[in-house]
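Comments concern the structure below.
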Amino acid sequence: QVQLVESGGGLVQAGGSLRLSCAASRSIFNSLSMGWYRQAPGNQRDLVAHITTSGSTNYADSVKGRFTISRDNAKNTVYLQMNSLKPEDTAVYYCNGFNSVVHRHYWGQGTQVTVSS
């Protein structure tokens, strides 16, 4: 079992920045592709950013140029740097890890990000 623990959420004004972190409990992290999802009230959970085991990234169109996903395999941690935040970025952000060998997803508990206008 892999546990994912997010941190770094909070309240920020529009135009500000936050960095989210997600730490994995096991060294299996290196074999997981990682992603950040978000869910606003009444909405579905959507993919924000994704990074493969080799470091390739992709982003939702709404965050391209503002958000950056990265990973530090030595620390079993994935990050989401969020710049130029907008009120519409307000949501609970979830860390996800996917093991393609056993086709299993792992989820963190979520961290709230609130952007005030």
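Every chain in the structure tokens has a letter given in the order shown (A, B, ...), and although residue numbers restart at 1 in each chain, ligands are simply numbered from 1 in the order shown.
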
Fewer than 5 positions away in the same chain doesn't count, so skip those; otherwise give me all residues within 8 Å of segment 108-114 of chain A, counting only C-alpha atoms, as a list in words.
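The neighbour list is Gln3, Leu4, Val5, Glu6, Ser7, Gly8, Gly9, Gly10, Leu11, Val12, Cys22, Pro87, Asp89, Thr90, Ala91, Val92, Tyr93, Tyr94, Cys95 and Asn96 of chain A.
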
- request: Name the residues of segment 4-114 of chain A that come out as strand (DSSP E) in a backbone DSSP run; write them as number ranges by chain.
  value: A: 4-7, 10-13, 18-24, 33-39, 46-51, 57-59, 67-72, 77-82, 91-99, 104-107, 111-114

Exercise for the section: Kindly indicate which residue among A:Ala40, A:Val63, A:Met34, A:Leu85 lies nearest to Ala14 of chain A, using only C-alpha atoms for the distances. Expected result: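 Looking only at the distances to Ala14 of chain A, the closest residue turns out to be A:Leu85.
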
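Of the listed residues (A:Ala24, A:Ile69, A:Ile51, A:Val101), A:Ile69 comes nearest to Asn83 of chain A; the distances count only C-alpha atoms.
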
**Request:** Please report, as a PyMOL selection string, each residue of segment 16-53 of chain A to which DSSP assigns helix (DSSP H, G or I) when run on this structure's backbone.
**Result:** chain A and resi 27-31

Please produce a file of the residues just selected, as an mmCIF file, in the first residue's frame, where the atoms kept are C-alpha atoms.
```cif
data_model
loop_
_atom_site.group_PDB
_atom_site.id
_atom_site.type_symbol
_atom_site.label_atom_id
_atom_site.label_comp_id
_atom_site.auth_asym_id
_atom_site.auth_seq_id
_atom_site.Cartn_x
_atom_site.Cartn_y
_atom_site.Cartn_z
ATOM 1 C CA SER A 27 10.258 4.034 -2.447
ATOM 2 C CA ILE A 28 7.915 2.517 -5.033
ATOM 3 C CA PHE A 29 7.293 6.198 -5.844
ATOM 4 C CA ASN A 30 9.937 5.958 -8.579
ATOM 5 C CA SER A 31 7.729 3.559 -10.524
#
```

Surrounding residues of Leu32 of chain A excluding itself and chain neighbours under 6 positions, 7 Å, only C-alpha atoms, as a ChimeraX atom specification: /A:53,97-99

Please dump the current selection as a tab-separated table (two decimals), in the first residue's frame; keep all heavy atoms.
```
chain	number	residue	atom	x	y	z
A	53	THR	N	7.04	8.64	-15.13
A	53	THR	CA	8.23	8.20	-14.40
A	53	THR	C	9.51	8.76	-15.02
A	53	THR	O	10.51	8.95	-14.32
A	53	THR	CB	8.31	6.67	-14.37
A	53	THR	OG1	8.25	6.18	-15.72
A	53	THR	CG2	7.15	6.07	-13.58
A	97	GLY	N	-1.25	8.78	-7.62
A	97	GLY	CA	-0.16	7.97	-8.13
A	97	GLY	C	-0.72	6.76	-8.84
A	97	GLY	O	-1.70	6.17	-8.38
A	98	PHE	N	-0.13	6.41	-9.97
A	98	PHE	CA	-0.63	5.27	-10.74
A	98	PHE	C	0.49	4.29	-10.99
A	98	PHE	O	1.55	4.64	-11.52
A	98	PHE	CB	-1.22	5.75	-12.06
A	98	PHE	CG	-1.70	4.61	-12.94
A	98	PHE	CD1	-2.76	3.82	-12.53
A	98	PHE	CD2	-1.09	4.33	-14.16
A	98	PHE	CE1	-3.21	2.77	-13.33
A	98	PHE	CE2	-1.53	3.29	-14.95
A	98	PHE	CZ	-2.60	2.51	-14.54
A	99	ASN	N	0.22	3.03	-10.59
A	99	ASN	CA	1.15	1.94	-10.83
A	99	ASN	C	0.68	1.18	-12.06
A	99	ASN	O	-0.33	0.47	-12.00
A	99	ASN	CB	1.20	1.03	-9.60
A	99	ASN	CG	2.27	-0.04	-9.72
A	99	ASN	OD1	2.57	-0.50	-10.82
A	99	ASN	ND2	2.82	-0.45	-8.61
```

Using only C-alpha atoms, the shortest atom-to-atom distance to Val102 of chain A among A:Gln1, A:Ser56, A:Ser70, A:Asn76 belongs to A:Gln1

**Prompt:** What lies within 12 Å of Asp61 of chain A using only C-alpha atoms, ignoring chain neighbours under 2 positions off, as number ranges by chain?
**Reply:** A: 46-49, 58-59, 63-67

query: Which residue gives the smallest distance to Gly35 of chain A among A:Ser84, A:Thr77, A:Ser17, A:Ser117, with only C-alpha atoms counted?
result: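 The answer is A:Thr77, which sits nearest to Gly35 of chain A.
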
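When only C-alpha atoms are used to measure the gap to Leu20 of chain A, the shortest distance among A:Trp36, A:Tyr106, A:Gly42, A:Asn73 belongs to A:Trp36.
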
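Of the residues under consideration (A:Val115, A:Lys86, A:Arg19, A:Trp107), A:Lys86 shows the shortest atom-to-atom contact distance to Ser62 of chain A when counting only C-alpha atoms.
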
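Pairwise distance (atom CA of Thr68 of chain A, atom CA of Leu18 of chain A) equals 11.0 Å.
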